[in-house]
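S.K.: Mind looking over this structure? Questions follow.
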Amino acid sequence: MSKLGECLTIKHGWAFKGEFFAESGEQSILTPGNFYEAGGFKYNDERERYYTGEYPHEYLCKKGDLIVAMTEQAAGLLGSTAIVPKDNRYLHNQRIGLITCDEKHITKMFAYYLFMTKSVREQISRTSSGTKVKHTSPEKIYDVEVSLPDIPTQKKIAHFLWTIDCKIRNNIQINDNLQHQLKLLYDYWFTQFDFPDENGKPYRASGGTMVWCDELQREIPKGWKVSTLSDIAVLQAKSVIPQEGTAY
């Protein structure tokens, strides 16, 4: 077993002054809100706090920096790690730790995933302080005990996990895009009523007949009506026992 303090260092952020916070700007301040509880960087566009004052340049993060949440803004967040996604965009404040790894003993990406393990999170949580909001410190994290494989093995493990994470992110993006397209299609067909007519052209935009509906207080396509789900579907509560060779 090794202690994290033997293979990495953690640097506290800078105390940015509230008088220079703004709703827009070139750099925004990192907060615990930029972390997923399970780990990973979370874009926090709606709650970003930009900074317009002077600050030491060393607290401007670089793409690929490894950061850790030192304050538990939400349950389970303490000790969560993330990889900074952009250059010259994010500022490192006091509630965030910047991790620097001794690459002879631990690689950055292995450390990134190591902080996601139950053992590391529990050790950090047990030594945290505070009642309503828990805090930790570099010194407390340095005392966390971990098992470290050799560097080649660390690289293989981290590469394997990163590949899976990339696949998950791609699938999420695909699903989000499909959901967006579905909403647009629904709006196009059932709000604007520009579903394809018998000639494949947008119904309403191509002069399709619209009639006034008193119940909806709006025009709807001719031949359409207001109905309830029970008028077109039957709810069956009867259970079904699957039989071998039968498809449902």
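To be explicit about the labels: the chains of the structure tokens are called A, B, and onward in the order shown, and within each one the residues are counted from 1, while ligands get numbers from 1 in the order they are shown.
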So which residues touch segment 97-106 of chain A within 8 Å, counting only C-alpha atoms, skipping near sequence neighbours fewer than 4 positions away, as a list of chain:residue names?
M.R.: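 Counting only C-alpha atoms, the residues come to A:Cys7, A:Leu8, A:Thr9, A:Ile10, A:Lys11, A:His12, A:Gly13, A:Asp65, A:Leu66, A:Ile67, A:Val68, A:Ala69, A:Met70, A:His92, A:Phe110, A:Ala111, A:Pro138, A:Leu148, A:Asp150, A:Ile151, A:Gln154.
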S.K.: Save out the residues we just selected, C-alpha atoms, as an mmCIF file, in the first residue's frame.
M.R.:
```
data_model
loop_
_atom_site.group_PDB
_atom_site.id
_atom_site.type_symbol
_atom_site.label_atom_id
_atom_site.label_comp_id
_atom_site.auth_asym_id
_atom_site.auth_seq_id
_atom_site.Cartn_x
_atom_site.Cartn_y
_atom_site.Cartn_z
ATOM 1 C CA CYS A 7 3.043 10.096 -5.601
ATOM 2 C CA LEU A 8 1.141 13.365 -6.149
ATOM 3 C CA THR A 9 0.729 16.930 -4.922
ATOM 4 C CA ILE A 10 -2.413 19.059 -4.666
ATOM 5 C CA LYS A 11 -2.439 22.839 -4.980
ATOM 6 C CA HIS A 12 -5.184 25.021 -3.531
ATOM 7 C CA GLY A 13 -6.803 27.628 -5.746
ATOM 8 C CA ASP A 65 -5.266 19.591 -16.016
ATOM 9 C CA LEU A 66 -6.479 17.158 -13.358
ATOM 10 C CA ILE A 67 -8.652 18.821 -10.709
ATOM 11 C CA VAL A 68 -10.412 17.565 -7.580
ATOM 12 C CA ALA A 69 -13.418 18.889 -5.634
ATOM 13 C CA MET A 70 -12.321 19.917 -2.118
ATOM 14 C CA HIS A 92 -8.731 27.552 -10.297
ATOM 15 C CA PHE A 110 -4.819 6.447 -13.504
ATOM 16 C CA ALA A 111 -5.100 8.992 -10.667
ATOM 17 C CA PRO A 138 -4.420 18.350 0.417
ATOM 18 C CA LEU A 148 -0.615 1.083 -7.161
ATOM 19 C CA ASP A 150 3.272 -0.689 -12.146
ATOM 20 C CA ILE A 151 3.158 2.155 -14.687
ATOM 21 C CA GLN A 154 -1.752 1.785 -14.922
#
```
S.K.: Write out as a ChimeraX atom specification the set of residues from segment 36-114 of chain A that DSSP, computed on the backbone, places in strand (DSSP E or B).
M.R.: /A:41,50-51,60,66-69,71,81-83,90-91,93,96-101
S.K.: Can you measure atom CA of Glu37 of chain A to atom CA of Ala22 of chain A for me? One decimal in Å is fine.
M.R.: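 Interatomic distance, atom CA of Glu37 of chain A to atom CA of Ala22 of chain A: 26.6 Å.
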S.K.: Extract, using only C-alpha atoms, all DNA, RNA and protein residues at most 12 Å from Asp165 of chain A, discarding same-chain residues fewer than 5 positions from it, and format them as a PyMOL selection string.
M.R.: chain A and resi 38-41+113+158-160+170-172
S.K.: Let's see if you can do this: from backbone DSSP, list all helix (DSSP H, G or I) residues in segment 58-152 of chain A, as a VMD selection string.
M.R.: chain A and resid 58 to 59 108 to 114 118 to 126 138 to 142 151 to 152
S.K.: Looking at A:Ser28, A:Ser239, A:Gln181, A:Thr209, which one is nearest to Asp194 of chain A, with distances taken over only C-alpha atoms?
M.R.: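 Among A:Ser28, A:Ser239, A:Gln181, A:Thr209, it is A:Thr209 that comes nearest to Asp194 of chain A.
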S.K.: For a test of reading the model, state the distance in Å between atom CA of Phe115 of chain A and atom CA of Arg89 of chain A, rounded to one decimal.
M.R.: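 These atoms are spaced 24.1 Å apart.
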S.K.: Here is a test: counting only C-alpha atoms, which residue of A:Ser125, A:Thr131, A:Asn34, A:Gln94 is nearest to Ala82 of chain A?
M.R.: A:Asn34
S.K.: Determine, counting only C-alpha atoms, which protein, DNA and RNA residues have an atom within 7 Å of an atom of Arg49 of chain A; residues of the same chain fewer than 2 positions away are not included. Present the result as a PDB file with N, CA, C and O atoms, in the first residue's frame.
M.R.:
```
ATOM      1  N   PHE A  21     -16.854  39.486 -10.107  1.00  0.00           N
ATOM      2  CA  PHE A  21     -17.672  38.476 -10.770  1.00  0.00           C
ATOM      3  C   PHE A  21     -18.573  39.161 -11.791  1.00  0.00           C
ATOM      4  O   PHE A  21     -19.064  40.273 -11.562  1.00  0.00           O
ATOM      5  N   ALA A  22     -18.796  38.500 -12.921  1.00  0.00           N
ATOM      6  CA  ALA A  22     -19.625  39.087 -13.973  1.00  0.00           C
ATOM      7  C   ALA A  22     -20.428  38.002 -14.672  1.00  0.00           C
ATOM      8  O   ALA A  22     -20.176  36.805 -14.507  1.00  0.00           O
ATOM      9  N   GLU A  23     -21.431  38.423 -15.445  1.00  0.00           N
ATOM     10  CA  GLU A  23     -22.286  37.483 -16.166  1.00  0.00           C
ATOM     11  C   GLU A  23     -21.678  37.047 -17.491  1.00  0.00           C
ATOM     12  O   GLU A  23     -22.171  36.121 -18.127  1.00  0.00           O
ATOM     13  N   SER A  28     -14.025  31.853 -16.739  1.00  0.00           N
ATOM     14  CA  SER A  28     -15.002  31.596 -15.684  1.00  0.00           C
ATOM     15  C   SER A  28     -14.339  30.793 -14.570  1.00  0.00           C
ATOM     16  O   SER A  28     -13.347  30.091 -14.793  1.00  0.00           O
ATOM     17  N   ILE A  29     -14.895  30.903 -13.382  1.00  0.00           N
ATOM     18  CA  ILE A  29     -14.306  30.282 -12.198  1.00  0.00           C
ATOM     19  C   ILE A  29     -14.844  28.864 -12.018  1.00  0.00           C
ATOM     20  O   ILE A  29     -16.051  28.637 -12.031  1.00  0.00           O
ATOM     21  N   ARG A  47     -24.819  28.556 -14.815  1.00  0.00           N
ATOM     22  CA  ARG A  47     -24.411  29.124 -13.532  1.00  0.00           C
ATOM     23  C   ARG A  47     -22.960  29.583 -13.534  1.00  0.00           C
ATOM     24  O   ARG A  47     -22.379  29.803 -12.473  1.00  0.00           O
ATOM     25  N   TYR A  51     -14.946  36.152 -14.451  1.00  0.00           N
ATOM     26  CA  TYR A  51     -14.103  37.000 -13.612  1.00  0.00           C
ATOM     27  C   TYR A  51     -13.417  38.046 -14.479  1.00  0.00           C
ATOM     28  O   TYR A  51     -12.791  37.717 -15.492  1.00  0.00           O
TER      29      TYR A  51
END
```
S.K.: Find the spatial neighbours of Ser2 of chain A, counting only C-alpha atoms, within a cut-off of 8 Å - ignore same-chain residues fewer than 5 positions away - and output them as a PyMOL selection string.
M.R.: chain A and resi 145-148
S.K.: Include N, CA and C atoms and write out the residues we just selected as a compact mmCIF listing (two decimals), in the first residue's frame.
M.R.:
```txt
# COMPACT_ATOMS: atom_id res chain seq x y z
N GLU A 145 -4.70 5.86 1.55
CA GLU A 145 -3.90 4.70 1.17
C GLU A 145 -4.50 4.02 -0.06
N VAL A 146 -3.62 3.68 -1.00
CA VAL A 146 -4.06 3.06 -2.25
C VAL A 146 -3.07 1.97 -2.66
N SER A 147 -3.54 1.10 -3.51
CA SER A 147 -2.67 0.09 -4.12
C SER A 147 -2.33 0.55 -5.53
N LEU A 148 -1.05 0.60 -5.86
CA LEU A 148 -0.61 1.08 -7.16
C LEU A 148 0.08 -0.02 -7.96
```
